[in-house]
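Enquirer: Pasting upload37.cif here (mmCIF, C-alpha atoms and all ligand atoms):
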data_entry
loop_
_atom_site.label_atom_id
_atom_site.label_comp_id
_atom_site.auth_asym_id
_atom_site.auth_seq_id
_atom_site.Cartn_x
_atom_site.Cartn_y
_atom_site.Cartn_z
CA MET A 18 -14.63 24.66 -4.14
CA SER A 19 -11.37 23.44 -5.54
CA SER A 20 -10.88 19.73 -6.14
CA PRO A 21 -8.83 17.68 -3.68
CA TYR A 22 -6.24 17.31 -6.44
CA GLN A 23 -5.94 21.06 -6.80
CA GLN A 24 -5.63 21.47 -3.04
CA ARG A 25 -2.80 18.93 -3.00
CA ARG A 26 -1.04 20.68 -5.89
CA GLU A 27 -1.28 23.99 -4.06
CA GLN A 28 0.08 22.41 -0.91
CA LEU A 29 3.00 20.93 -2.84
CA MET A 30 3.72 24.14 -4.74
CA ALA A 31 3.85 26.07 -1.49
CA GLN A 32 6.61 23.70 -0.40
CA ILE A 33 8.77 23.77 -3.51
CA GLY A 34 8.85 27.56 -3.92
CA SER A 35 10.91 28.39 -7.00
CA ALA A 36 11.44 24.82 -8.13
CA THR A 37 9.63 22.85 -10.83
CA ALA A 38 8.28 19.39 -10.13
CA VAL A 39 7.75 16.82 -12.89
CA PHE A 40 5.62 13.69 -12.44
CA ALA A 41 5.32 10.74 -14.77
CA SER A 42 2.24 8.56 -15.19
CA ALA A 43 2.60 4.81 -14.97
CA PRO A 44 3.49 3.19 -18.29
CA LEU A 45 1.24 0.75 -20.12
CA ALA A 46 2.28 -2.75 -19.16
CA VAL A 47 2.15 -5.66 -21.58
CA MET A 48 1.08 -8.97 -20.10
CA HIS A 49 2.21 -11.16 -22.99
CA ASN A 50 2.35 -10.75 -26.71
CA ASP A 51 0.18 -7.71 -27.33
CA VAL A 52 -2.20 -8.33 -24.45
CA GLU A 53 -2.27 -5.43 -22.03
CA HIS A 54 -2.36 -5.60 -18.24
CA PRO A 55 -5.14 -3.54 -16.73
CA PHE A 56 -3.72 -0.04 -16.42
CA ARG A 57 -2.93 1.14 -12.91
CA GLN A 58 -1.96 4.79 -12.55
CA ASP A 59 1.12 5.79 -10.58
CA SER A 60 -0.08 6.71 -7.09
CA ASP A 61 1.82 10.03 -6.79
CA PHE A 62 0.58 11.06 -10.21
CA TYR A 63 -2.99 10.15 -9.37
CA TYR A 64 -2.81 11.88 -5.99
CA LEU A 65 -1.91 15.17 -7.65
CA THR A 66 -3.99 15.01 -10.82
CA GLY A 67 -6.79 12.42 -10.65
CA PHE A 68 -5.80 11.76 -14.27
CA ASN A 69 -6.06 8.13 -15.14
CA GLU A 70 -4.21 7.57 -18.41
CA PRO A 71 -0.75 6.32 -19.32
CA GLN A 72 1.80 8.28 -21.37
CA ALA A 73 1.24 11.48 -19.45
CA VAL A 74 3.49 13.94 -17.63
CA ALA A 75 2.41 16.55 -15.09
CA VAL A 76 4.44 19.67 -14.36
CA LEU A 77 4.07 21.97 -11.38
CA ALA A 78 5.86 25.29 -11.87
CA PRO A 79 4.73 27.59 -9.06
CA HIS A 80 7.02 30.39 -10.21
CA HIS A 81 5.65 30.39 -13.77
CA GLU A 82 3.55 33.44 -14.52
CA GLU A 83 0.77 31.72 -16.45
CA HIS A 84 1.25 27.97 -16.38
CA ARG A 85 1.61 26.68 -12.85
CA PHE A 86 0.07 23.29 -13.69
CA VAL A 87 0.82 21.78 -17.07
CA LEU A 88 -0.21 18.39 -18.44
CA PHE A 89 1.22 16.43 -21.34
CA VAL A 90 -1.29 13.82 -22.50
CA ARG A 91 -2.07 11.46 -25.36
CA PRO A 92 -4.00 13.25 -28.09
CA LYS A 93 -7.41 12.04 -29.21
CA ASP A 94 -7.05 9.29 -31.80
CA LYS A 95 -10.24 7.65 -33.09
CA GLU A 96 -8.60 4.47 -34.28
CA LYS A 97 -6.45 3.90 -31.19
CA GLU A 98 -9.43 4.62 -28.97
CA ILE A 99 -11.40 1.83 -30.68
CA TRP A 100 -8.70 -0.61 -29.62
CA SER A 101 -7.59 0.66 -26.25
CA GLY A 102 -10.33 2.88 -24.92
CA TYR A 103 -11.30 6.47 -24.45
CA ARG A 104 -8.71 9.24 -24.21
CA VAL A 105 -9.46 12.59 -22.66
CA GLY A 106 -7.25 14.36 -25.18
CA VAL A 107 -5.56 17.73 -25.13
CA ASP A 108 -8.57 20.05 -25.34
CA GLU A 109 -10.71 18.42 -22.71
CA ALA A 110 -7.91 17.77 -20.22
CA LYS A 111 -7.57 21.47 -19.55
CA ASP A 112 -11.06 21.93 -18.14
CA ARG A 113 -11.53 18.52 -16.68
CA TYR A 114 -8.28 18.38 -14.76
CA GLY A 115 -7.78 22.05 -14.09
CA ALA A 116 -4.54 22.43 -16.05
CA ASP A 117 -3.36 25.90 -17.09
CA GLN A 118 -1.88 24.43 -20.23
CA VAL A 119 -2.04 21.03 -21.95
CA TYR A 120 0.23 19.70 -24.71
CA PRO A 121 0.32 16.42 -26.62
CA ILE A 122 2.86 14.11 -25.02
CA ALA A 123 4.83 14.02 -28.30
CA GLU A 124 5.74 17.68 -27.68
CA LEU A 125 7.50 17.06 -24.41
CA ASP A 126 10.97 17.90 -25.78
CA GLU A 127 9.67 21.11 -27.20
CA HIS A 128 7.78 22.45 -24.20
CA LEU A 129 8.96 20.87 -20.97
CA PRO A 130 12.41 22.57 -20.81
CA LYS A 131 10.86 26.01 -20.77
CA TYR A 132 9.18 25.19 -17.45
CA LEU A 133 12.57 24.27 -16.04
CA GLU A 134 14.57 27.27 -17.23
CA LYS A 135 13.69 29.56 -14.37
CA ALA A 136 13.43 26.93 -11.65
CA ASP A 137 16.16 26.79 -9.03
CA GLN A 138 15.69 23.05 -8.55
CA LEU A 139 14.01 20.17 -10.31
CA TYR A 140 11.88 17.68 -8.39
CA TYR A 141 11.55 14.35 -10.16
CA HIS A 142 11.42 10.71 -9.14
CA PHE A 143 13.62 8.42 -11.21
CA GLY A 144 11.14 5.60 -11.65
CA HIS A 145 10.61 2.67 -14.00
CA ASP A 146 10.21 4.74 -17.16
CA GLU A 147 13.83 4.61 -18.34
CA GLU A 148 13.15 6.62 -21.43
CA LEU A 149 11.65 9.51 -19.52
CA ASN A 150 14.45 9.31 -16.95
CA HIS A 151 16.97 9.82 -19.76
CA ARG A 152 15.01 12.68 -21.24
CA ILE A 153 14.78 14.49 -17.93
CA LEU A 154 18.53 14.10 -17.43
CA ARG A 155 19.14 15.39 -20.93
CA TYR A 156 16.97 18.48 -20.39
CA TRP A 157 18.75 19.16 -17.14
CA GLN A 158 22.23 18.75 -18.59
CA ARG A 159 21.42 21.07 -21.48
CA LEU A 160 20.16 23.70 -19.08
CA LEU A 161 23.34 23.36 -17.03
CA VAL A 162 25.45 24.01 -20.13
CA THR A 163 23.60 27.27 -20.75
CA TYR A 164 23.26 28.17 -17.08
CA THR A 165 26.17 30.63 -17.07
CA LYS A 166 24.64 32.65 -19.88
CA ARG A 167 21.14 32.57 -18.49
CA GLY A 168 21.89 32.79 -14.80
CA THR A 169 18.89 30.64 -13.99
CA GLY A 170 18.03 26.96 -14.05
CA PRO A 171 17.85 23.97 -11.76
CA VAL A 172 21.15 23.45 -9.98
CA ALA A 173 20.07 20.12 -8.55
CA ILE A 174 17.51 17.35 -8.89
CA ALA A 175 15.66 16.33 -5.74
CA ASP A 176 13.38 13.32 -5.34
CA SER A 177 9.74 14.29 -5.69
CA HIS A 178 8.54 11.04 -4.11
CA LEU A 179 10.02 12.03 -0.74
CA LEU A 180 7.78 15.10 -0.70
CA LEU A 181 4.75 13.07 -1.68
CA GLN A 182 5.52 10.52 1.01
CA GLN A 183 5.16 13.22 3.63
CA MET A 184 1.88 14.40 2.18
CA ARG A 185 0.37 11.00 1.57
CA ARG A 186 1.02 9.88 5.16
CA VAL A 187 -1.79 12.12 6.35
CA LYS A 188 -5.13 11.22 4.81
CA THR A 189 -7.65 13.91 4.05
CA ALA A 190 -11.39 13.54 4.60
CA ASP A 191 -12.04 12.62 0.97
CA GLU A 192 -9.36 9.94 1.05
CA LEU A 193 -10.76 8.51 4.26
CA GLU A 194 -14.20 8.29 2.74
CA LEU A 195 -12.85 6.09 -0.06
CA MET A 196 -10.85 4.00 2.39
CA ARG A 197 -13.90 3.45 4.58
CA HIS A 198 -15.78 2.31 1.52
CA ALA A 199 -13.02 -0.11 0.48
CA ILE A 200 -12.97 -1.43 4.04
CA ALA A 201 -16.75 -1.83 4.26
CA ILE A 202 -16.79 -3.97 1.11
CA SER A 203 -13.80 -6.00 2.28
CA ALA A 204 -15.38 -6.52 5.71
CA LYS A 205 -18.54 -7.80 4.09
CA ALA A 206 -16.48 -10.24 2.02
CA HIS A 207 -14.59 -11.49 5.10
CA ASN A 208 -17.81 -12.05 7.00
CA HIS A 209 -19.27 -13.90 4.04
CA ALA A 210 -16.11 -16.00 3.78
CA ARG A 211 -16.45 -17.09 7.39
CA ASP A 212 -20.09 -18.05 6.83
CA ILE A 213 -19.36 -20.28 3.85
CA THR A 214 -16.13 -21.92 5.05
CA GLN A 215 -16.48 -25.59 5.91
CA PRO A 216 -14.46 -28.78 5.73
CA GLY A 217 -14.28 -30.18 2.21
CA ARG A 218 -14.44 -26.84 0.43
CA TYR A 219 -11.47 -25.52 -1.53
CA GLU A 220 -9.54 -22.38 -0.73
CA TYR A 221 -10.24 -20.99 -4.21
CA GLU A 222 -13.99 -21.23 -3.63
CA ILE A 223 -13.65 -18.82 -0.74
CA GLN A 224 -11.35 -16.57 -2.78
CA ALA A 225 -13.82 -16.58 -5.69
CA GLU A 226 -16.78 -15.63 -3.52
CA MET A 227 -14.86 -12.81 -1.86
CA GLU A 228 -13.57 -11.38 -5.13
CA HIS A 229 -17.02 -11.77 -6.67
CA LEU A 230 -18.35 -9.60 -3.88
CA PHE A 231 -15.59 -7.03 -4.40
CA ARG A 232 -16.65 -6.41 -7.98
CA LEU A 233 -20.34 -6.75 -7.26
CA GLU A 234 -20.02 -3.92 -4.75
CA GLY A 235 -18.22 -1.66 -7.22
CA ALA A 236 -14.64 -2.19 -6.10
CA MET A 237 -11.87 -2.23 -8.70
CA GLY A 238 -10.93 -5.73 -7.56
CA PRO A 239 -8.52 -7.20 -5.04
CA ALA A 240 -6.03 -4.68 -3.65
CA TYR A 241 -3.37 -7.44 -3.76
CA PRO A 242 -3.43 -11.16 -4.54
CA SER A 243 -5.86 -12.69 -2.02
CA ILE A 244 -4.31 -15.13 0.42
CA VAL A 245 -6.67 -17.96 1.39
CA ALA A 246 -4.43 -20.34 3.28
CA SER A 247 -5.71 -23.37 5.16
CA GLY A 248 -3.76 -25.55 7.58
CA PRO A 249 0.01 -25.47 7.00
CA ASN A 250 -0.37 -23.12 4.01
CA ALA A 251 -0.90 -20.33 6.53
CA CYS A 252 2.80 -20.60 7.37
CA ILE A 253 3.68 -19.42 3.85
CA LEU A 254 3.39 -15.66 4.16
CA HIS A 255 2.64 -14.96 0.50
CA TYR A 256 0.67 -18.10 -0.30
CA ILE A 257 -1.59 -17.26 -3.25
CA GLU A 258 -2.15 -20.60 -5.03
CA ASN A 259 -5.33 -21.05 -2.98
CA ASN A 260 -5.94 -24.54 -4.37
CA ARG A 261 -6.09 -26.80 -1.34
CA GLN A 262 -9.08 -28.63 0.07
CA MET A 263 -9.76 -27.55 3.64
CA LYS A 264 -10.09 -30.03 6.46
CA ALA A 265 -11.85 -30.06 9.80
CA GLY A 266 -9.48 -29.32 12.65
CA GLU A 267 -7.48 -26.79 10.62
CA LEU A 268 -7.43 -23.03 10.62
CA LEU A 269 -8.08 -20.82 7.62
CA LEU A 270 -6.06 -17.63 7.27
CA ILE A 271 -7.55 -15.09 4.88
CA ASP A 272 -5.59 -11.97 3.98
CA ALA A 273 -7.72 -10.13 1.43
CA GLY A 274 -9.01 -6.64 0.72
CA CYS A 275 -10.32 -4.67 -2.19
CA ALA A 276 -9.36 -1.45 -3.93
CA TYR A 277 -12.12 1.11 -4.23
CA GLY A 278 -11.55 4.38 -6.07
CA TYR A 279 -7.83 3.57 -5.97
CA TYR A 280 -7.77 3.24 -2.16
CA ASN A 281 -7.04 -0.09 -0.50
CA ALA A 282 -8.22 -2.22 2.37
CA ASP A 283 -5.93 -4.85 3.90
CA ILE A 284 -7.55 -7.28 6.33
CA THR A 285 -6.49 -10.64 7.75
CA ARG A 286 -8.55 -13.00 9.84
CA THR A 287 -7.79 -16.54 10.98
CA PHE A 288 -10.56 -18.87 12.16
CA PRO A 289 -11.37 -22.58 12.38
CA VAL A 290 -12.42 -24.38 9.19
CA GLY A 291 -14.66 -26.51 11.36
CA GLU A 292 -16.47 -25.39 14.46
CA ARG A 293 -13.83 -24.88 17.10
CA PHE A 294 -10.14 -24.25 17.70
CA THR A 295 -7.96 -27.07 18.98
CA ASP A 296 -6.20 -26.30 22.27
CA GLU A 297 -2.92 -25.40 20.56
CA GLN A 298 -4.65 -23.26 17.96
CA ARG A 299 -6.60 -21.44 20.66
CA ILE A 300 -3.51 -20.76 22.77
CA LEU A 301 -1.60 -19.30 19.83
CA TYR A 302 -4.64 -17.41 18.58
CA GLU A 303 -5.13 -15.75 21.95
CA LEU A 304 -1.47 -14.83 22.01
CA VAL A 305 -1.61 -13.19 18.58
CA LEU A 306 -4.82 -11.40 19.51
CA GLU A 307 -3.31 -10.09 22.73
CA ALA A 308 -0.24 -8.90 20.80
CA GLN A 309 -2.49 -7.22 18.27
CA LEU A 310 -4.65 -5.48 20.89
CA GLN A 311 -1.60 -4.20 22.73
CA ALA A 312 -0.05 -3.00 19.47
CA ILE A 313 -3.25 -1.17 18.53
CA GLU A 314 -3.08 0.63 21.90
CA LYS A 315 0.23 2.16 20.77
CA VAL A 316 -1.31 3.64 17.66
CA GLN A 317 -1.84 7.12 19.07
CA PRO A 318 -0.92 10.61 17.91
CA GLY A 319 2.54 11.50 19.15
CA ARG A 320 3.68 7.92 19.73
CA PRO A 321 6.77 6.92 17.74
CA PHE A 322 6.13 4.52 14.87
CA ASN A 323 8.26 1.68 16.29
CA GLU A 324 6.32 1.28 19.53
CA PHE A 325 3.47 -0.77 18.16
CA HIS A 326 5.82 -3.32 16.64
CA ASP A 327 7.85 -3.47 19.83
CA ALA A 328 4.67 -4.06 21.85
CA ALA A 329 3.54 -6.93 19.59
CA THR A 330 7.03 -8.45 19.58
CA ARG A 331 7.20 -8.41 23.37
CA VAL A 332 3.81 -10.06 23.90
CA ILE A 333 4.58 -12.76 21.35
CA THR A 334 8.08 -13.44 22.63
CA GLU A 335 6.94 -13.64 26.25
CA GLY A 336 4.13 -15.98 25.24
CA LEU A 337 6.40 -18.24 23.21
CA VAL A 338 8.81 -18.51 26.12
CA GLU A 339 5.98 -19.44 28.46
CA LEU A 340 4.85 -22.14 26.04
CA GLY A 341 8.39 -23.46 25.67
CA LEU A 342 8.65 -22.68 21.97
CA LEU A 343 11.47 -20.25 22.69
CA ALA A 344 13.98 -20.50 25.52
CA GLY A 345 15.87 -17.69 27.18
CA GLU A 346 15.52 -14.22 28.58
CA VAL A 347 12.87 -12.18 26.73
CA ASP A 348 14.95 -9.01 26.21
CA THR A 349 17.89 -11.04 24.89
CA LEU A 350 15.68 -13.09 22.59
CA ILE A 351 14.18 -9.91 21.13
CA GLU A 352 17.58 -8.26 20.81
CA GLU A 353 18.93 -11.32 19.00
CA LYS A 354 15.76 -11.47 16.89
CA LYS A 355 15.04 -15.05 17.93
CA HIS A 356 11.30 -14.33 17.80
CA LYS A 357 11.68 -14.11 14.05
CA ALA A 358 11.60 -17.90 13.88
CA PHE A 359 7.85 -17.55 14.48
CA PHE A 360 7.04 -13.88 13.83
CA MET A 361 9.18 -12.91 10.88
CA HIS A 362 7.48 -9.79 9.50
CA GLY A 363 6.81 -6.26 10.68
CA THR A 364 3.67 -5.41 12.61
CA GLY A 365 2.29 -3.01 10.05
CA HIS A 366 2.60 -0.44 7.32
CA PHE A 367 0.83 2.67 6.17
CA LEU A 368 -2.17 2.04 3.95
CA GLY A 369 -3.73 4.24 1.30
CA LEU A 370 -3.34 4.61 -2.46
CA ASP A 371 -0.74 1.87 -2.18
CA VAL A 372 -1.25 -1.19 -0.01
CA HIS A 373 2.23 -0.67 1.37
CA ASP A 374 1.75 3.05 1.37
CA SER A 375 4.28 5.82 1.33
CA GLY A 376 5.51 7.38 4.49
CA THR A 377 8.91 8.27 5.87
CA LEU A 378 9.34 6.42 9.14
CA ARG A 379 12.45 7.97 10.67
CA ASN A 380 13.89 11.40 11.27
CA PRO A 381 17.39 12.23 10.03
CA ASP A 382 18.76 11.57 13.54
CA LYS A 383 17.37 8.00 13.28
CA THR A 384 14.63 8.56 15.85
CA TRP A 385 11.23 7.30 14.79
CA LYS A 386 8.63 9.71 13.54
CA PRO A 387 5.48 9.89 15.63
CA PHE A 388 2.03 8.95 14.43
CA GLU A 389 -0.06 11.92 13.37
CA PRO A 390 -3.83 12.29 13.10
CA GLY A 391 -4.83 11.11 9.63
CA ASN A 392 -2.31 8.26 9.42
CA VAL A 393 -3.79 4.90 8.53
CA VAL A 394 -1.70 1.92 9.53
CA THR A 395 -2.23 -1.82 9.47
CA VAL A 396 -1.66 -3.76 12.68
CA GLU A 397 -0.93 -7.36 11.77
CA PRO A 398 1.16 -9.50 14.07
CA GLY A 399 1.29 -13.24 13.54
CA ILE A 400 2.72 -16.54 14.70
CA TYR A 401 3.71 -19.21 12.19
CA VAL A 402 5.04 -22.60 13.26
CA ALA A 403 6.38 -24.17 10.08
CA PRO A 404 5.54 -27.87 9.63
CA ASP A 405 9.25 -28.54 9.13
CA TYR A 406 10.42 -26.17 11.87
CA GLU A 407 14.09 -26.45 12.73
CA PRO A 408 15.28 -24.52 15.77
CA VAL A 409 18.46 -22.49 15.60
CA GLU A 410 21.25 -23.53 17.94
CA GLY A 411 20.32 -23.13 21.58
CA GLN A 412 16.57 -23.07 20.96
CA PRO A 413 14.20 -25.94 21.78
CA GLN A 414 12.74 -28.40 19.32
CA VAL A 415 9.02 -27.80 18.88
CA ASP A 416 6.51 -30.49 19.64
CA GLU A 417 4.53 -31.90 16.73
CA ARG A 418 1.23 -30.56 18.08
CA TRP A 419 2.25 -26.94 17.43
CA ARG A 420 3.47 -27.47 13.89
CA GLY A 421 1.66 -26.26 10.82
CA ILE A 422 -0.28 -23.61 12.73
CA GLY A 423 -0.18 -20.15 11.13
CA ILE A 424 -2.13 -17.21 12.53
CA ARG A 425 -2.28 -13.54 11.61
CA ILE A 426 -4.82 -10.89 12.60
CA GLU A 427 -4.74 -7.65 10.64
CA ASP A 428 -6.78 -4.50 11.16
CA ASP A 429 -6.60 -1.09 9.51
CA VAL A 430 -6.32 1.63 12.12
CA LEU A 431 -6.82 5.38 11.74
CA VAL A 432 -4.92 7.74 14.01
CA THR A 433 -7.34 10.38 15.30
CA ALA A 434 -6.72 13.63 17.17
CA THR A 435 -7.19 11.89 20.50
CA GLY A 436 -6.40 8.22 19.88
CA HIS A 437 -7.34 5.81 17.14
CA GLU A 438 -10.23 4.18 15.37
CA VAL A 439 -10.16 0.56 14.21
CA LEU A 440 -11.68 0.95 10.76
CA THR A 441 -12.02 -2.80 10.25
CA ALA A 442 -13.97 -3.45 13.47
CA ALA A 443 -16.89 -4.90 11.49
CA VAL A 444 -14.96 -8.15 11.03
CA PRO A 445 -15.04 -10.04 14.34
CA LYS A 446 -11.86 -11.42 15.83
CA ALA A 447 -12.84 -12.34 19.39
CA LEU A 448 -12.70 -16.07 20.02
CA LYS A 449 -16.35 -16.43 20.95
CA GLU A 450 -17.43 -14.65 17.78
CA ILE A 451 -15.46 -16.79 15.36
CA GLU A 452 -16.10 -20.21 16.85
CA ARG A 453 -19.29 -21.83 15.70
N1 LIG B 1 -1.60 -8.22 2.33
C1 LIG B 1 -0.34 -7.62 2.37
C2 LIG B 1 0.03 -7.21 3.71
O1 LIG B 1 -0.61 -7.56 4.66
O2 LIG B 1 0.94 -6.47 3.90
MN MN B 2 -2.64 -8.12 4.52
MN MN B 3 -0.77 -5.54 5.48
#
How would this structure read if it were set down as structure tokens?
Expert:
Amino acid sequence: MSSPYQQRREQLMAQIGSATAVFASAPLAVMHNDVEHPFRQDSDFYYLTGFNEPQAVAVLAPHHEEHRFVLFVRPKDKEKEIWSGYRVGVDEAKDRYGADQVYPIAELDEHLPKYLEKADQLYYHFGHDEELNHRILRYWQRLLVTYTKRGTGPVAIADSHLLLQQMRRVKTADELELMRHAIAISAKAHNHARDITQPGRYEYEIQAEMEHLFRLEGAMGPAYPSIVASGPNACILHYIENNRQMKAGELLLIDAGCAYGYYNADITRTFPVGERFTDEQRILYELVLEAQLQAIEKVQPGRPFNEFHDAATRVITEGLVELGLLAGEVDTLIEEKKHKAFFMHGTGHFLGLDVHDSGTLRNPDKTWKPFEPGNVVTVEPGIYVAPDYEPVEGQPQVDERWRGIGIRIEDDVLVTATGHEVLTAAVPKALKEIER
């Protein structure tokens, strides 16, 4: 059986025909003064190779007679490996990663152009590696100069990431297995967080226990900076200081998930720090939950991608009008984006190797692409009433009792052949399950 990486390469090569595609690994990032950030491979590169080192280039040349998959990697180097860790090296990379040919990365200039010479197009994504971007342009320009003599060579560069976006939208069984694992660990951490939350504790204590569990269960760590936001902090969408002492009568919003085997979970729950919701908290919570449930209903194969956001927006806007937090006709308010005073973000995004995962959302004629079986999307509406809320002209002032309440509920939902599956169902969100 071929590896999932090989299957993906074959799938890509079938699409690009006589072109050559070149992929760059992520670069090594320096944190400060000689201290390295943990290395995180580029997601497209990892998706196609499973190779987990920096300073590498992968080439797919389906038209090449012998070398359809070529890797350029760091050579073995005893001394460097003592400092920075194990390297697979040139010899081993061939067998381990299924490459037809492997070269040391220092020989890129020498060998890469020959895989471009006979290609009719070059697929490459101009990413953060400026030096490689320049090299690729140089190779291409040189080949253009000699094109008339040779009669072959890439006449254009196309973006490889666009192709990968299409592929990565639809998760395969092996990807889903990793995602389910990431989600199971994250769900366990959320349930633990709810058990240990009580007035007087600090947000960072909850964060620490969740992230402890992530690692303890074999996850790589948090998929993104954990948000543990009590009281008014929940109205700051990317609050990550997590240093406040929690009080009875407040809500705690936790947006946290782990990465396992490079695949991410992304879960948000909001619940009382003490035992029960206040009336205002309960009303807004039920509104967000209703919006979320209706949005999840729209996550179905064949349904256009915008419908779930539209559903959530409508429920929230109608609810806010009923409560007197917004004033006007619902359709007009939505059209004029007045709901954004309280619900200012999208309802969800694809999830996978990246937390905000790849996936083209629209067709060239601007219509929305439909969900397909194998898509995984987050569904995460929210309502946030800033403590210092100022209405725009024509909108009502908001009573003190609503202020400083921030609520988001986020699940990860898989599109199946016949409907959907809420992958994060193990973390309760019904009122009666989260009140104590
Ligand atoms: N935690 C990031 C997000 O929900 O998109
Ligand atoms: Mn999230
Ligand atoms: Mn999310």
Enquirer: At a cut-off of 10 Å around ligand LIG 1 (chain B), and using only C-alpha atoms and all ligand atoms, what residues come up? Please write them as a PDB file with C-alpha atoms, in the frame of the given file.
Expert:
ATOM      1  CA  ALA A 240      -6.030  -4.680  -3.650  1.00  0.00           C
ATOM      2  CA  TYR A 241      -3.370  -7.440  -3.760  1.00  0.00           C
ATOM      3  CA  PRO A 242      -3.430 -11.160  -4.540  1.00  0.00           C
ATOM      4  CA  SER A 243      -5.860 -12.690  -2.020  1.00  0.00           C
ATOM      5  CA  ILE A 244      -4.310 -15.130   0.420  1.00  0.00           C
ATOM      6  CA  LEU A 254       3.390 -15.660   4.160  1.00  0.00           C
ATOM      7  CA  HIS A 255       2.640 -14.960   0.500  1.00  0.00           C
ATOM      8  CA  ILE A 271      -7.550 -15.090   4.880  1.00  0.00           C
ATOM      9  CA  ASP A 272      -5.590 -11.970   3.980  1.00  0.00           C
ATOM     10  CA  ALA A 273      -7.720 -10.130   1.430  1.00  0.00           C
ATOM     11  CA  GLY A 274      -9.010  -6.640   0.720  1.00  0.00           C
ATOM     12  CA  ALA A 282      -8.220  -2.220   2.370  1.00  0.00           C
ATOM     13  CA  ASP A 283      -5.930  -4.850   3.900  1.00  0.00           C
ATOM     14  CA  ILE A 284      -7.550  -7.280   6.330  1.00  0.00           C
ATOM     15  CA  THR A 285      -6.490 -10.640   7.750  1.00  0.00           C
ATOM     16  CA  HIS A 362       7.480  -9.790   9.500  1.00  0.00           C
ATOM     17  CA  GLY A 363       6.810  -6.260  10.680  1.00  0.00           C
ATOM     18  CA  THR A 364       3.670  -5.410  12.610  1.00  0.00           C
ATOM     19  CA  GLY A 365       2.290  -3.010  10.050  1.00  0.00           C
ATOM     20  CA  HIS A 366       2.600  -0.440   7.320  1.00  0.00           C
ATOM     21  CA  PHE A 367       0.830   2.670   6.170  1.00  0.00           C
ATOM     22  CA  LEU A 368      -2.170   2.040   3.950  1.00  0.00           C
ATOM     23  CA  VAL A 372      -1.250  -1.190  -0.010  1.00  0.00           C
ATOM     24  CA  HIS A 373       2.230  -0.670   1.370  1.00  0.00           C
ATOM     25  CA  ASP A 374       1.750   3.050   1.370  1.00  0.00           C
ATOM     26  CA  THR A 395      -2.230  -1.820   9.470  1.00  0.00           C
ATOM     27  CA  VAL A 396      -1.660  -3.760  12.680  1.00  0.00           C
ATOM     28  CA  GLU A 397      -0.930  -7.360  11.770  1.00  0.00           C
ATOM     29  CA  PRO A 398       1.160  -9.500  14.070  1.00  0.00           C
ATOM     30  CA  ARG A 425      -2.280 -13.540  11.610  1.00  0.00           C
ATOM     31  CA  ILE A 426      -4.820 -10.890  12.600  1.00  0.00           C
ATOM     32  CA  GLU A 427      -4.740  -7.650  10.640  1.00  0.00           C
ATOM     33  CA  ASP A 428      -6.780  -4.500  11.160  1.00  0.00           C
TER      34      ASP A 428
END
Enquirer: Which is closer to Met196 of chain A than all the others in A:Leu29, A:Cys275, A:Val47, A:Leu301, using all atoms listed in the file?
Expert: A:Cys275
Enquirer: Which residues, protein or nucleic acid, reach to within 12 Å of (12.8, 17.5, -6.6) in the file's coordinates when using all atoms listed in the file, and can you give that as a CSV table (one decimal) with C-alpha atoms, in the coordinates of the input?
Expert:
chain,number,residue,atom,x,y,z
A,29,LEU,CA,3.0,20.9,-2.8
A,30,MET,CA,3.7,24.1,-4.7
A,32,GLN,CA,6.6,23.7,-0.4
A,33,ILE,CA,8.8,23.8,-3.5
A,34,GLY,CA,8.8,27.6,-3.9
A,35,SER,CA,10.9,28.4,-7.0
A,36,ALA,CA,11.4,24.8,-8.1
A,37,THR,CA,9.6,22.8,-10.8
A,38,ALA,CA,8.3,19.4,-10.1
A,39,VAL,CA,7.8,16.8,-12.9
A,40,PHE,CA,5.6,13.7,-12.4
A,76,VAL,CA,4.4,19.7,-14.4
A,77,LEU,CA,4.1,22.0,-11.4
A,78,ALA,CA,5.9,25.3,-11.9
A,133,LEU,CA,12.6,24.3,-16.0
A,136,ALA,CA,13.4,26.9,-11.6
A,137,ASP,CA,16.2,26.8,-9.0
A,138,GLN,CA,15.7,23.0,-8.6
A,139,LEU,CA,14.0,20.2,-10.3
A,140,TYR,CA,11.9,17.7,-8.4
A,141,TYR,CA,11.6,14.4,-10.2
A,142,HIS,CA,11.4,10.7,-9.1
A,143,PHE,CA,13.6,8.4,-11.2
A,153,ILE,CA,14.8,14.5,-17.9
A,171,PRO,CA,17.8,24.0,-11.8
A,172,VAL,CA,21.2,23.4,-10.0
A,173,ALA,CA,20.1,20.1,-8.6
A,174,ILE,CA,17.5,17.4,-8.9
A,175,ALA,CA,15.7,16.3,-5.7
A,176,ASP,CA,13.4,13.3,-5.3
A,177,SER,CA,9.7,14.3,-5.7
A,178,HIS,CA,8.5,11.0,-4.1
A,179,LEU,CA,10.0,12.0,-0.7
A,180,LEU,CA,7.8,15.1,-0.7
A,181,LEU,CA,4.8,13.1,-1.7
Enquirer: Using all atoms listed in the file for the distances, tell me which of A:Thr349, A:Gln72, A:Thr287, A:Thr330 is nearest to ligand MN 2 (chain B).
Expert: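 Checking each candidate against ligand MN 2 (chain B), we get A:Thr287 as the closest.
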Enquirer: Between atom CA of Met237 of chain A and atom CA of Arg91 of chain A, what is the distance in Å, rounded to a tenth?
Expert: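 So the answer is 23.7 Å.
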